[in-house]
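Novice: One structure coming up, written as structure tokens, with questions to follow.
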Amino acid sequence: MDQVLEKILDNYHEHEGNALTILQDLEENFGYVPEETVYELSDRLNIPPSRFFGIATFFSQLHLKPRGKNIITVCRGTPCHVKGSEKILSRMRMELDIPSGEETSEDRMFTVEEVNCVGACGMAPVVVINQQVQGEVNIKKMIKEVNEIRSEE
Amino acid sequence: MDSNAVVIKVCSGTGSVSAGGAEVLDAFREMVRSCDVDVDFQNRCRADKVGCRGFCARDVLVDVVAGGEKTTYERVRPDMVPRIFEEHVLGGSPVQEWTADELHQSFQDNQKKVVLAHCGEIDPEDLDAYLDVKGYEAARWAYTGMQPVDIIEKIKRSRLRGRGGAGFSTGHKWEFAYKVEEQEKYVVCNGNESDPGAFADRCIMEGDPHAVIEGMMICARAIGAGKGYIYIRDGYSLAVKRLRLALKQCYERGYLGKNVFESGHALDIRLYPAPGAFICGEATALVQSIEGKRAMPTPRLTRTSENGIRGKPTVINNAETLANVPKILRNGAGWFADLGSDTSGGTKVFSLTGKVKNNGLVEIPMGATLRDVVYKVGGGISEDRAFKGVQLGGPTGGCIPESFLDSRVDYESLAVAGTIMGSGGMVVLDETNCIVDTARFFLNITQAESCGKCTPCRIGIRRMYEILERITTGYGQAGDIELLEDLGSHIRTTSLCGFGMTAPNPVLSTVRYFRDEYNIHIRDKKCPALVCKNLLTFSCIEEVCTGCGMCKRVCPADAIRGTRKKPHFIDQELCIKCGSCFDSCKFGAILKE
């Protein structure tokens, strides 16, 4: 972990970074923003931790909790909503045992999250499974996809 | 182009990639490489990837251009490639059964493509392809032969207005920044496109990235900026990749860097991946986020064009606005102004989605009517259901009914109708969409995306959302509509930034046009469109049920009982009203009311 933090600090000094670019680097390296790294960097850079957390809780790209191995992003944009994405979302959460109020299953196999729009509205409803955009999905198709991922594990 | 040439153009936008576009392109390329015709043929024939042409629902789209004739194929799969190649590319006769139908034709023919002209025609990853269509000619003039005042004058005369939503005159914005005497100035391309339901900027950045960069270069020259940022939504991975490549190509050729076109001027443009927040589309919030802070808007005592990033003059233009700029310089301000209406030049790209037959990206001249867009370009309502309304301008826009379908699409007419142009989302609703639920949906987004700085927006929108929530779950009270109107008008007048000022729009516009539907929810506790879950009941019609057991199998709550070949029944206590049984019953035996 120390090595990664050193690399992030180098990047910060070299490219006139700021608190946001540091958080983006943390997210990229760890998959989320681990709390202890924030305190560590805050000490070394003399930036109050509150500034880091203020930014981390503001932007949807940054996460304070570890995320699942497989990430399923259900688009909740208007066209997707009109074409029934809410049903897909609630069924996926049920299917993958995501506790209420959480996004990630307890075994950290799956994260089911919402996104405001992925900009692929022509193929609504849209779901992104591990960065692959899938258009015109339905519950049946989604259950098949999830089972495929499960069987590969 | 050689008149004997055969060019196969395979769409490679995000929609196409998910439908297998890369495999189709590879298959065509392999056919060209391995076909057993003379070498001369292989020199004449090639397969190119091209940007998105906006009709993603029918991907993968392939154009075969042979002898000057263009034929479009839709929903192409790799296994269809050999036949298209044999019969059409080699044999000269198109495979009729796979070519695009009339709906596709009416979709394309009723548009006016200016800013999207290159999307679907040239390879977005090839700088030379862009140069072949006179790319960077305008930027070269701007740097080597034109004065900043001439450029600004031309943009002013073209009546180009900001495509991000507010519709401020682009030429005037540039002039403000130009007039500030300051060494350090910035140009920012706003590619955050946070409106759910809008994807015009994505397609432009993906399909014609060099046009956006050229627009930024011309802007930088006009205002005297030496540095630019492309602020782009991080989720737009393909657009990020293509813009990064395009920037690299520009640096290699000396179009960007210390000595742009050997004019002595320097320009450095960087990509800035946006961290993801709706509010970042607002200019002052965007500036905060580039400076690495929480993206909270600041009071607009001065304009960002005079006082932006690090206190320096900063012109922030939307990606679509910038992509128009090179065309204005090349074809003239008069040409551009004439395309549009009296108050607004050019065209506007809309993301036409929802319940229309043709979902996709459409470009229409400013001043066309909404009816033309929905019925001519969009092909009418899907499954020929009844039109209910059209939501324009994303979650802070308004929903307008059929009586306003003849409104013209320009900033002023839409404002009269109670909505905004926004960034070009156009979501069509039909009779199966509930208006109250739609308003609730938009407020759910805006209450979550409010930055929280000013009270009217932070608390007011939340309260409005809670009222809508209770109306859609059967707890609406008399007086709720009036309360919504009262709250909405206060939030509109007292919020700090444009976000709060427009956030009540979805409610205020629907209350104005669809008051009855609100009343039925509140008074009768019913949802006429059969959408609001808590106001529905599902039951099994005994006479129709065949006892096939389908509903029992799909029910995720185990709420359906019954033995095979006997009528089933739904346990209302256990039913979670998900509608799975209704959707799966082949006999129409499930009653939803």
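Just so we're on the same page: first chain in the structure tokens is A, next is B, and so on; residues restart at 1 for each chain, and ligands are numbered from 1 in the order they show up.
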Wanna dump the chain B-chain A contacts at 9 Å for me, each residue with its shortest atom pair and the distance in Å to one decimal, counting only C-alpha atoms, ordered by chain and number, as a tab-separated table?
Specialist:
residue	atom	partner	partner_atom	distance
B:Thr14	CA	A:Ala120	CA	7.1
B:Gly15	CA	A:Ala120	CA	6.4
B:Val17	CA	A:Val133	CA	8.3
B:Ser18	CA	A:Val133	CA	5.6
B:Ala19	CA	A:Gly135	CA	7.9
B:Gly54	CA	A:Gly122	CA	8.0
B:Phe55	CA	A:Gly122	CA	7.0
B:Cys56	CA	A:Gly122	CA	5.3
B:Ala57	CA	A:Met123	CA	5.2
B:Arg58	CA	A:Met123	CA	8.7
B:Glu193	CA	A:Gly119	CA	8.6
B:Ser194	CA	A:Cys117	CA	7.5
B:Asp195	CA	A:Cys117	CA	7.5
B:Pro196	CA	A:Gly77	CA	4.5
B:Gly197	CA	A:Thr78	CA	5.4
B:Ala198	CA	A:Gly119	CA	6.2
B:Phe199	CA	A:Gly119	CA	4.7
B:Ala200	CA	A:Gly119	CA	8.3
B:Arg202	CA	A:Gly119	CA	7.0
B:Cys203	CA	A:Gly119	CA	8.8
B:Asp234	CA	A:Gln61	CA	8.1
B:Gly235	CA	A:Val118	CA	6.7
B:Tyr236	CA	A:Val118	CA	7.4
B:Ala274	CA	A:Gln61	CA	8.6
B:Pro275	CA	A:Gln61	CA	5.3
B:Gly276	CA	A:Ser60	CA	5.2
B:Ala277	CA	A:Phe59	CA	5.6
B:Phe278	CA	A:Asn116	CA	8.6
B:Ser289	CA	A:Leu20	CA	8.0
B:Ile290	CA	A:Leu20	CA	8.8
B:Glu291	CA	A:Asn18	CA	7.4
B:Gly292	CA	A:Leu20	CA	4.8
B:Lys293	CA	A:Ile55	CA	6.6
B:Arg294	CA	A:Ile55	CA	5.1
B:Ala295	CA	A:Phe58	CA	7.8
B:Ser351	CA	A:Cys121	CA	7.8
B:Leu352	CA	A:Gly122	CA	7.9
B:Thr353	CA	A:Pro79	CA	6.0
B:Gly354	CA	A:Pro79	CA	5.0
B:Lys355	CA	A:Val82	CA	8.0
B:Asn358	CA	A:Gly122	CA	8.6
B:Asn359	CA	A:Gly122	CA	5.1
B:Gly360	CA	A:Gly122	CA	5.0
B:Leu361	CA	A:Gly122	CA	7.8
B:Gly394	CA	A:Thr78	CA	7.9
B:Pro395	CA	A:Thr78	CA	8.2
B:Val427	CA	A:Pro79	CA	6.5
B:Val428	CA	A:Pro79	CA	8.6
B:Leu429	CA	A:Val82	CA	7.7
B:Asn433	CA	A:Val82	CA	7.1
B:Thr438	CA	A:Val82	CA	8.2
B:Phe441	CA	A:Thr78	CA	8.2
B:Phe442	CA	A:Thr78	CA	8.1
B:Ile445	CA	A:Asn116	CA	7.8
B:Cys451	CA	A:Phe58	CA	7.9
B:Pro556	CA	A:Arg91	CA	8.3
B:Cys578	CA	A:Lys87	CA	7.1
B:Gly579	CA	A:Lys87	CA	8.8
Novice: DSSP on the backbone: what in chain A comes out strand (DSSP E), as an mmCIF file with N, CA and C atoms, in the first residue's frame?
Specialist:
data_model
loop_
_atom_site.group_PDB
_atom_site.id
_atom_site.type_symbol
_atom_site.label_atom_id
_atom_site.label_comp_id
_atom_site.auth_asym_id
_atom_site.auth_seq_id
_atom_site.Cartn_x
_atom_site.Cartn_y
_atom_site.Cartn_z
ATOM 1 N N ASN A 70 -17.912 -8.267 -9.361
ATOM 2 C CA ASN A 70 -18.648 -8.002 -10.604
ATOM 3 C C ASN A 70 -19.559 -6.802 -10.376
ATOM 4 N N ILE A 71 -19.512 -5.884 -11.313
ATOM 5 C CA ILE A 71 -20.299 -4.674 -11.122
ATOM 6 C C ILE A 71 -21.398 -4.562 -12.172
ATOM 7 N N ILE A 72 -22.609 -4.511 -11.662
ATOM 8 C CA ILE A 72 -23.765 -4.402 -12.548
ATOM 9 C C ILE A 72 -24.368 -3.019 -12.351
ATOM 10 N N THR A 73 -24.346 -2.227 -13.398
ATOM 11 C CA THR A 73 -24.836 -0.866 -13.307
ATOM 12 C C THR A 73 -26.135 -0.765 -14.097
ATOM 13 N N VAL A 74 -27.207 -0.484 -13.390
ATOM 14 C CA VAL A 74 -28.498 -0.362 -14.064
ATOM 15 C C VAL A 74 -28.736 1.106 -14.375
ATOM 16 N N CYS A 75 -28.956 1.399 -15.632
ATOM 17 C CA CYS A 75 -29.185 2.783 -16.018
ATOM 18 C C CYS A 75 -30.564 3.214 -15.565
ATOM 19 N N PHE A 110 -20.981 -9.364 -6.011
ATOM 20 C CA PHE A 110 -21.712 -8.484 -6.914
ATOM 21 C C PHE A 110 -21.983 -7.115 -6.295
ATOM 22 N N THR A 111 -21.851 -6.094 -7.116
ATOM 23 C CA THR A 111 -22.342 -4.776 -6.753
ATOM 24 C C THR A 111 -23.433 -4.430 -7.752
ATOM 25 N N VAL A 112 -24.576 -4.032 -7.239
ATOM 26 C CA VAL A 112 -25.639 -3.559 -8.129
ATOM 27 C C VAL A 112 -25.820 -2.081 -7.841
ATOM 28 N N GLU A 113 -25.544 -1.256 -8.822
ATOM 29 C CA GLU A 113 -25.650 0.178 -8.593
ATOM 30 C C GLU A 113 -26.493 0.832 -9.680
ATOM 31 N N GLU A 114 -26.912 2.059 -9.381
ATOM 32 C CA GLU A 114 -27.690 2.813 -10.354
ATOM 33 C C GLU A 114 -26.806 3.886 -10.958
ATOM 34 N N VAL A 115 -27.111 4.289 -12.157
ATOM 35 C CA VAL A 115 -26.416 5.416 -12.751
ATOM 36 C C VAL A 115 -27.487 6.291 -13.403
ATOM 37 N N VAL A 127 -28.189 -1.897 -19.326
ATOM 38 C CA VAL A 127 -27.469 -2.319 -18.127
ATOM 39 C C VAL A 127 -26.004 -2.487 -18.519
ATOM 40 N N VAL A 128 -25.101 -2.048 -17.633
ATOM 41 C CA VAL A 128 -23.683 -2.242 -17.913
ATOM 42 C C VAL A 128 -23.176 -3.340 -16.988
ATOM 43 N N ILE A 129 -22.714 -4.438 -17.568
ATOM 44 C CA ILE A 129 -22.195 -5.538 -16.767
ATOM 45 C C ILE A 129 -20.691 -5.581 -16.958
ATOM 46 N N GLN A 132 -19.340 -3.775 -19.904
ATOM 47 C CA GLN A 132 -19.910 -4.082 -21.220
ATOM 48 C C GLN A 132 -21.334 -3.530 -21.263
ATOM 49 N N VAL A 133 -21.577 -2.646 -22.211
ATOM 50 C CA VAL A 133 -22.915 -2.067 -22.316
ATOM 51 C C VAL A 133 -23.853 -3.068 -22.991
ATOM 52 N N GLN A 134 -24.992 -3.332 -22.352
ATOM 53 C CA GLN A 134 -25.970 -4.243 -22.945
ATOM 54 C C GLN A 134 -27.286 -3.500 -23.118
#
Novice: Near Ala177 of chain B, counting only C-alpha atoms, which residues have an atom at most 7 Å away, once you skip same-chain residues fewer than 5 positions from it, shown as a compact mmCIF listing (two decimals) with C-alpha atoms, in the first residue's frame?
Specialist:
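Writing the result to part.txt gives the following:
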# COMPACT_ATOMS: atom_id res chain seq x y z
CA ILE B 223 -10.39 34.95 -26.91
CA SER B 305 -16.19 34.24 -19.18
CA GLU B 306 -14.61 37.07 -17.21
CA PRO B 313 -11.45 34.47 -18.02
CA THR B 314 -12.89 31.08 -19.00
CA VAL B 315 -15.18 30.32 -21.89
Novice: Please list as a list in words every residue within 12 Å of Glu23 of chain B, counting only C-alpha atoms and excluding residues in the same chain fewer than 3 positions away.
Specialist: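 My list of contacting residues is Val10, Cys11, Ser12, Ser16, Val17, Ser18, Ala19, Gly20, Asp26, Ala27, Phe28, Arg29, Glu30, Lys49, Val60, Val76, Arg77, Pro78, Asp79, Met80 and Val81 of chain B.
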Novice: Please return, as a ChimeraX atom specification, all residues of chain A that DSSP assigns to helix (DSSP H, G or I) on the basis of the backbone.
Specialist: /A:2-14,19-30,35-45,49-56,78-82,85-95,121-123,139-152
Novice: Using only C-alpha atoms, which protein or nucleic acid residues come within 7 Å of Arg492 of chain B? Drop anything in the same chain fewer than 6 positions from it, and give the result as a ChimeraX atom specification.
Specialist: /B:500-502,504
Novice: Write the residues you've just listed into a file as a compact mmCIF listing (two decimals), in the first residue's frame, and include C-alpha atoms for each of them.
Specialist:
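To be explicit, this is the file written out as part.txt:
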# COMPACT_ATOMS: atom_id res chain seq x y z
CA GLY B 500 -32.66 25.08 -8.44
CA MET B 501 -34.46 27.61 -10.62
CA THR B 502 -35.46 24.92 -13.09
CA PRO B 504 -39.49 22.37 -10.09
Novice: Which residues are close to Arg108 of chain A, i.e. within 8 Å by only C-alpha atoms, leaving aside same-chain residues fewer than 5 positions away? Reply as a VMD selection string.
Specialist: chain A and resid 67 to 69
Novice: Hey, what's within 12 Å of segment 582-588 of chain B if we count only C-alpha atoms and toss same-chain stuff fewer than 5 positions away? As a ChimeraX atom specification, please?
Specialist: /A:84,87,138-140 /B:530,536-555,560,568,570,577,593
Novice: State, in Å with one decimal place, the distance from atom CA of Met31 of chain B to atom CA of Gly207 of chain B.
Specialist: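 Here the two named atoms are 24.9 Å from each other.
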Novice: Interatomic distance between atom CA of His63 of chain A and atom CA of Val33 of chain A?
Specialist: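 Going from atom CA of His63 of chain A over to atom CA of Val33 of chain A covers 5.9 Å.
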Novice: To one decimal in Å, tell me the separation between atom CA of Asp107 of chain A and atom CA of Arg93 of chain A.
Specialist: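 Atom CA of Arg93 of chain A lies at a distance of 13.9 Å from atom CA of Asp107 of chain A.
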